[in-house]
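Remarks on the structure that follows.
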Amino acid sequence: MATTIKSTELDFNTIKNNLKLYLAQQPEFADYNFEASGLSNLLDVLAYNTHYNALLANFALNESFLSTAQLRSSIVGLANGLGYTVGSRKASFAVVNLSITNESAPASMTIPAGYSFTTTVDNKSYTFTLRESVVATNGDNNVYNFSLNGNRNIPIYEGTSRTKTFIAGPSSENDSYVIPASNIDLDTVVVRVYDNASSNSYNLYTNINDTTTITESSRIYVLNETPNGYYELTFGNGVRLGQSPISGNKIEVDYNTVSGPDANGARTFTPVNTVQGLIVNVTTVSVSSGGQVKESLDSIRKNAPYQYAAQNRMVTAEDYASLSLRNFSNVISDIKAWGGEDNLPPEYGKVFLSIVFNTDDEVVQTDTKASIKELAKDLSVASFDVEFSDPVETYLKVNVNFQFNPNLTSQSQSAIETLVKNTMQDYFDQNTGGFNEAFRRSNLLTQIDGADDSILSSRADVTMQYRLVPVSGTTGYTIYYPSGILAPSDDTYVITSDTFSYNGKVCFLRNKLSSTKIELVEVATADVILDSIGDYNANNGVITLVGFTGSVITGDYIRINATPNTPSVLNPTRNNIIIYDADASDARAVLTDTL
């Protein structure tokens, strides 16, 4: 007799019922009451065993793939197998000016690398240090203003210096060198290999991610996160992947353990020691920022395949983004790349990068961009120019109206309206604010409808908002939206703006009815001052202003509003980022007694 057990039905009750059905088809158990017999207990054991084995097999299979694994140890192991170095903690850093008044007036003074400062954040103390020596020459009134490579803005980094020493064993033993620390900043690791334990001369080894050419004589190392969160140091095999330490060599690893984001926000830094008996004066240029925890699981899933495809070379636009993020993740929170052929207007032979920095320090941003260009010279296969384009933030104004039945809740109308506003804020916090993060109106309305039983239905009107900052001497502006703009209407204005000052008059912008032309209107008289100060391209979502010399009346910018042609989905491209304007948005209840 053919079995009736279905191997795809692995729920406990389903397994037990299939076993009963199978046994009931046997002549020995005809008319047998399985529920009122001892055999039912045996079936329970068989069903439980089968169910547990099925779960174990399912979990094990899920942990074998990067896209489905849930355990950090599994995801890290799979990423390591792709040659991807999982991001470690990153040290918080601040930018300061340092000076000393020295009446003895030497020609120059030096503050050595490793010089420390203390600070507190939320009543907890942290130590920041110089990673490089800084030098100053005698200035006015014997004041020595220190600089790093000619720049007075000097970065100091949080962290505590550590050293771990190993003695290399025979190569046949394949020793594992594990650093027992989970809070290492990999950017601070320095590996030195000495001939023996008493030797003073050493060979400096380089991280494999920082090398462009590897031969049998290269001195490289690989440092990866282990399943328990520590870090394992490995070397080449001495044949194709560089030299390996030989038996008896002393391996010395210097590194910093850091607190990550906990040290962000420090404002006041106090020197731990004097320099030549003199007090170091510290002026904070920018508060500490950039501290990060270990790379998240979602980030590993996203970046590891791109890194594997890139193979440490820059070919596609995604390669430029992923390798830049790998090397400068301590100052970059998000990055987007696209080819010149996808730019507006097209510029062939270029790769465009747009970066969201986690620091406001302009010197750090400029230095990072210059370093990315240098990295591209080493790793790019084709001779593409790297261009940087600042992120374009488009704010969304969302007005929600929802049907509200007060008989279905004990909360007041104002409480439900507040609940809806909070739901809107939560949706945008979770789904927008970065590159490639889209707005979907249906998803927002689904969350609103599910916020409370008294909310029966909802609808949302969406308006895109660009914040124009007028620049003195500039009369032409091009405004890019992340979506096409609604075609002109006979009775509704698609483009509107805040009021601003124009030649001493308070004015605003709007499109002509049934036209894409932009006109300038005086508020007091409603007269059209200029009937064509620009136009808009409905398909591309671009507004062009010509001869515009308006200035802000209040605030720092002029809001220019546009109605999207597809408000159901706003999918930003290139360097567009969608941000929710909670102040301009609203939620209103419409009372009803329907169910």
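Labels for the structure tokens follow display order: chains A, B, ..., residues from 1 in each chain, ligands from 1.
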Point to revise | Distance query Glu232 (chain A) at most 8 Å, only C-alpha atoms, self and fewer than 3 positions along chain excluded, as a ChimeraX atom specification | key: /A:176-179,223-226
Practice item. Show which residues sit within 9 Å of region 403-414 of chain A, as number ranges by chain. Count only C-alpha atoms, and ignore same-chain residues fewer than 2 positions away. Key: A: 401, 416-419, 452-458, 588-595
Study note, to complete from the structure: For Ile495 (chain A), the closest of A:Leu42, A:Leu148, A:Ala538, A:Leu78 counting only C-alpha atoms is A:Ala538
**Study point:** Close residues, Asn565 (chain A) itself excluded, 12 Å, only C-alpha atoms, min 5 positions apart in chain, as a list in words
**Key:**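 The filter keeps Asp461, Val462, Thr463, Met464, Tyr481, Pro482, Ser483, Gly484, Ile485, Leu486, Ala487, Pro488, Ser489, Val494, Asn537, Ala538, Asn539, Asn540, Gly541 and Leu570 of chain A.
The residue that comes closest to Pro170 (chain A), out of A:Leu204, A:Ser244, A:Thr475, A:Lys302 and on the basis of only C-alpha atoms, is A:Ser244.
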